[in-house]
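To start, the structure itself, in structure tokens.
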Amino acid sequence: MEHAVEVEAVGRTFPISGGKQLQALEDVSFVVGLGEVVGLLGVNGAGKTTLTKILATLLLPSSGAARVMGYDVVADTRGVRTSMSVILGGDRGLYNRISGRENLAFFGMLAGVSRRDLRERIPLMLDQVNLADAADRRVETYSKGMRQRLHVAIGLLSRPQVLLLDEPTVGLDPLEADRLRETIHQLRREGTSILLTSHLLLDVERLADRVVMLDQGRVTADLPLRKFAGLAGYAAVVTLTYRGALDLARSLPAGAAVDRHTHEGELSTLVLKLREWSGDLFGALGRLVDDVQIQDIDVRPARLEEAFATLSARRP
Amino acid sequence: MIRTELVKTLRRPRTWVTILLLNALPTLVAVLLALTDLGPRPGSGPAFLSAVLADGTLFPLAALAIILPLFLPVAVAVVAGDSVAGEAQQGTLRYLLVRPVSRTRLLVAKLVAVIAFVLLAVVVVAAVAYVVGSVLLGDQALAASVSGTVLTPAQVAVRTLLAIGYITLSMLGVAAIALLLSTMTDSPLAAALGALAFLIASSLLLTLDAAQTLQPYLPTRYWLAFVDLFRDPIFWRDIVRGIGLQAVYVVVFLGAAWANFTTKDITS
């Protein structure tokens with residue numbers, strides 16, 4: 001088996017008023033390799049949640065097929081559920097009147113974790129998500145972030161081969177979010193395959209090897225992270241703060257485009273987008289600023305969100 | 001799974017508050033009867049109420065007859081209506097269904113928990129009523145059957161157990177209706193109210209001459225037939241019909257609940 005998740009021409013329709021059908025997914029195909037982290041991106045209504053729920057065996061596909069660790073999501077739901085954990089995000093979905101430890105034990109038992117493993121792993125998971133001190137408190141006393149961390153602990157308790165993460169850092173403060181990202185890195189190092197859906201592109205940028213973009217129920221991009229970022233239409237952004245006068249009309253090198261040029265007193269700020277990372281281009285930029293006094297310079301690669309915005313703007 | 005659902009039911013404060021409330025009205029009635037010694041005329045008021053003044057050990061039957069038309073079905077509809085819809089509303093249903101537990105098994109576990117609640121409620125009401133009746137109304141061991149003959153304490157005990165079983169089965173019909181509705185909505189309240197609307201409609205049609213052809217098939221038609229267990233000899237006709245009718249309701253509505261739940265999209 002080469003792939004942890006295989007999605008083949010999956011379609012899903014929902015009946016809407018007037019006897020019409022809403023096409024939420026259409027001919028969606030992609031794979032998640034073993035040990036790979038794939039980010040699933042798309043604007044609201046793109047079909048991410050529908051696809052996640054089909055893989056989680058909560059919805060049936062109208063057409064096509066999907067498999068998790070070789071198990072069909074329609075014909076072999078038990079195999080799918082045994083090999084995969086789902087963390088759907090948000091702070092609902094826990095039993096409020098019992099403690100965090102009891103929630104872990106209950107969901108762990110449902111996931112088929114033995115009593116002995118539960119005894120060993122529950123304290124470990126509580127430590128990992130920093131809930132050890134609150135483990136015996138009722139969940140109704142937990143903050144939103146604590147509930148989200150408990151969801152993560154529940155999801156990881158059964159040592160899944162595949163993890164379906166939907167908005168995992170929603171509700172977490174920056175430190176907790178970073179801790180969770182480190183946990184996901186650790187899982188990847190241990191060989192867990194992860195399909196990550198997040199509106200926070202920072203999560204995808206830091207965690208994913210590859211990005212699948214959905215738009216109006218169709219796959220519009222399926223690329224390694226760096227190539228996906230290149231879809232922004234440029235490879236790098238250079239921000240120059242300087243004193244003096246630049247003759248951009250005459251000396252702007254080919255491959256560079258002015259994004260913004262502002263002046264405030266004696267200081268000017270120039271933002272350039274570079275089509276590619278190349279020594280020639282940076283050399284030409286060096287010559288461009290020979291005659292001015294540089295105050296500050298910042299060079300960064302194109303961001304995922306810029307590619308995301310560019311792709312989303314192409315919608316008909 | 002079944003054990004967990006049972007533990008959840010038993011640990012839920014609502015279970016015990018409901019059972020406490022179910023006991024409240026019969027206990028109040030026993031206190032009033034003991035204080036005033038004024039029972040309804042034979043043939044009027046709830047079944048057995050006039051007889052309990054002669055022997056308090058019949059009070060469990062009077063208590064069940066008091067709660068059977070309304071309070072017990074309301075309690076059962078609320079508990080059964082909450083079983084699946086409550087999980088959906090709380091957001092836990094999707095987390096239950098992504099675990100390697102089949103939906104059929106989950107539904108069976110929910111059903112067993114509802115049956116346990118019904119049985120627990122009926123037994124606790126009967127037991128509390130026995131104690132209250134014996135203490136407040138006396139234990140003369142002279143229980144008269146509905147037919148006027150005297151029943152021995154052993155006969156009363158056996159027939160009371162049969163009545164508890166019959167009432168439990170009658171309530172399973174209510175539970176099956178509420179459970180079906182619970183698989184169809186994310187609102188426990190809507191499921192419970194839907195089941196109650198069904199039962200109120202049934203009770204209303206039972207009073208309407210124009211609905212005579214429907215009456216043998218209405219779910220509430222034979223609920224009070226347990227009184228026939230206390231005739232001498234036992235009058236089995238309506239009891240057997242009641243058992244058959246409830247069995248049909250249970251099978252049909254549970255079958256529909258299973259068919260709906262096992263193929264349902266979980267969107268909550």
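Residues in the structure tokens are numbered from 1 in each chain, the chains being A, B, ... in the order shown, and ligands are numbered from 1 in the order shown.
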Subject >> Polymer residues at most 12 Å from A:Pro160, only C-alpha atoms, same-chain spacing of 4 or more positions, as a PyMOL selection string >> reply: (chain A and resi 4+35+68-69+79-87+108+111-113+152-156+164+187-188+190-194) or (chain B and resi 99)
Subject >> Counting only C-alpha atoms, chain B residues within 9 Å of chain A, as a PyMOL selection string >> reply: chain B and resi 1+4+12+87-88+90-102+263-267
Original post:
Contacts of B:Gly138 at 7 Å or less, counting only C-alpha atoms, minus same-chain residues fewer than 5 places along, as number ranges by chain?
Top reply: B: 55-56, 133
**OP:** Excluding B:Trp236 and residues on its chain fewer than 5 positions from it, collect all residues at most 12 Å away from it, counting only C-alpha atoms, and give them as a list in words.
**Re:**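 Listed by chain and then number, they are Leu162, Tyr166, Tyr222, Ala225, Phe226, Val227, Asp228, Leu229, Phe230, Arg231, Arg241, Gly242 and Ile243 of chain B.
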**OP:** Might you pull out every residue within 8 Å of A:Arg275, with only C-alpha atoms counted and same-chain residues fewer than 2 positions away left off, and present them as a list in words?
**Re:**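 My reading of the contact set: Gly233, Tyr234, Ala235, Ala236, Gly255, Ala256, Lys273 and Trp277 of chain A.
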Atoms kept (C-alpha atoms) for selection, written as a PDB file, in the first residue's frame:
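Once everything was written out, this is out.pdb:
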```pdb
ATOM      1  CA  GLY A 233       2.491  34.546  -9.340  1.00  0.00           C
ATOM      2  CA  TYR A 234       5.801  35.532  -7.772  1.00  0.00           C
ATOM      3  CA  ALA A 235       8.503  33.800  -5.790  1.00  0.00           C
ATOM      4  CA  ALA A 236       9.617  36.484  -3.370  1.00  0.00           C
ATOM      5  CA  GLY A 255      11.357  39.933 -13.469  1.00  0.00           C
ATOM      6  CA  ALA A 256      10.560  42.484 -10.776  1.00  0.00           C
ATOM      7  CA  LYS A 273       7.484  41.180  -6.232  1.00  0.00           C
ATOM      8  CA  TRP A 277      14.791  33.641  -6.909  1.00  0.00           C
TER       9      TRP A 277
END
```
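With atom CA of A:Val28 on one side and atom CA of A:Leu41 on the other, the separation reads 13.3 Å.
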Original post:
Counting only C-alpha atoms, what is within 10 Å of A:Glu266, bar same-chain residues fewer than 5 positions away, as number ranges by chain?
Top reply: A: 242-245
**OP:** Check stretch 26-180 of chain A with DSSP on the backbone and list each residue it calls alpha helix (DSSP H), as number ranges by chain.
**Re:** A: 48-55, 77-83, 100-110, 115-128, 144-157, 174-180
Original post:
Please, which residues of stretch 189-275 of chain A, numbered as in this document, come out strand (DSSP E) from DSSP, as a ChimeraX atom specification?
Top reply: /A:193-197,210-215,218-224,236-243,256-264,267-274
Original post:
Residues at most 6 Å from A:Arg67, counting only C-alpha atoms, excluding those fewer than 3 positions away in the same chain, as a list in words?
Top reply: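 Near neighbours after the sequence-gap exclusion: Val5, Glu6, Gly70, Tyr71, Asp72 and Val73 of chain A.
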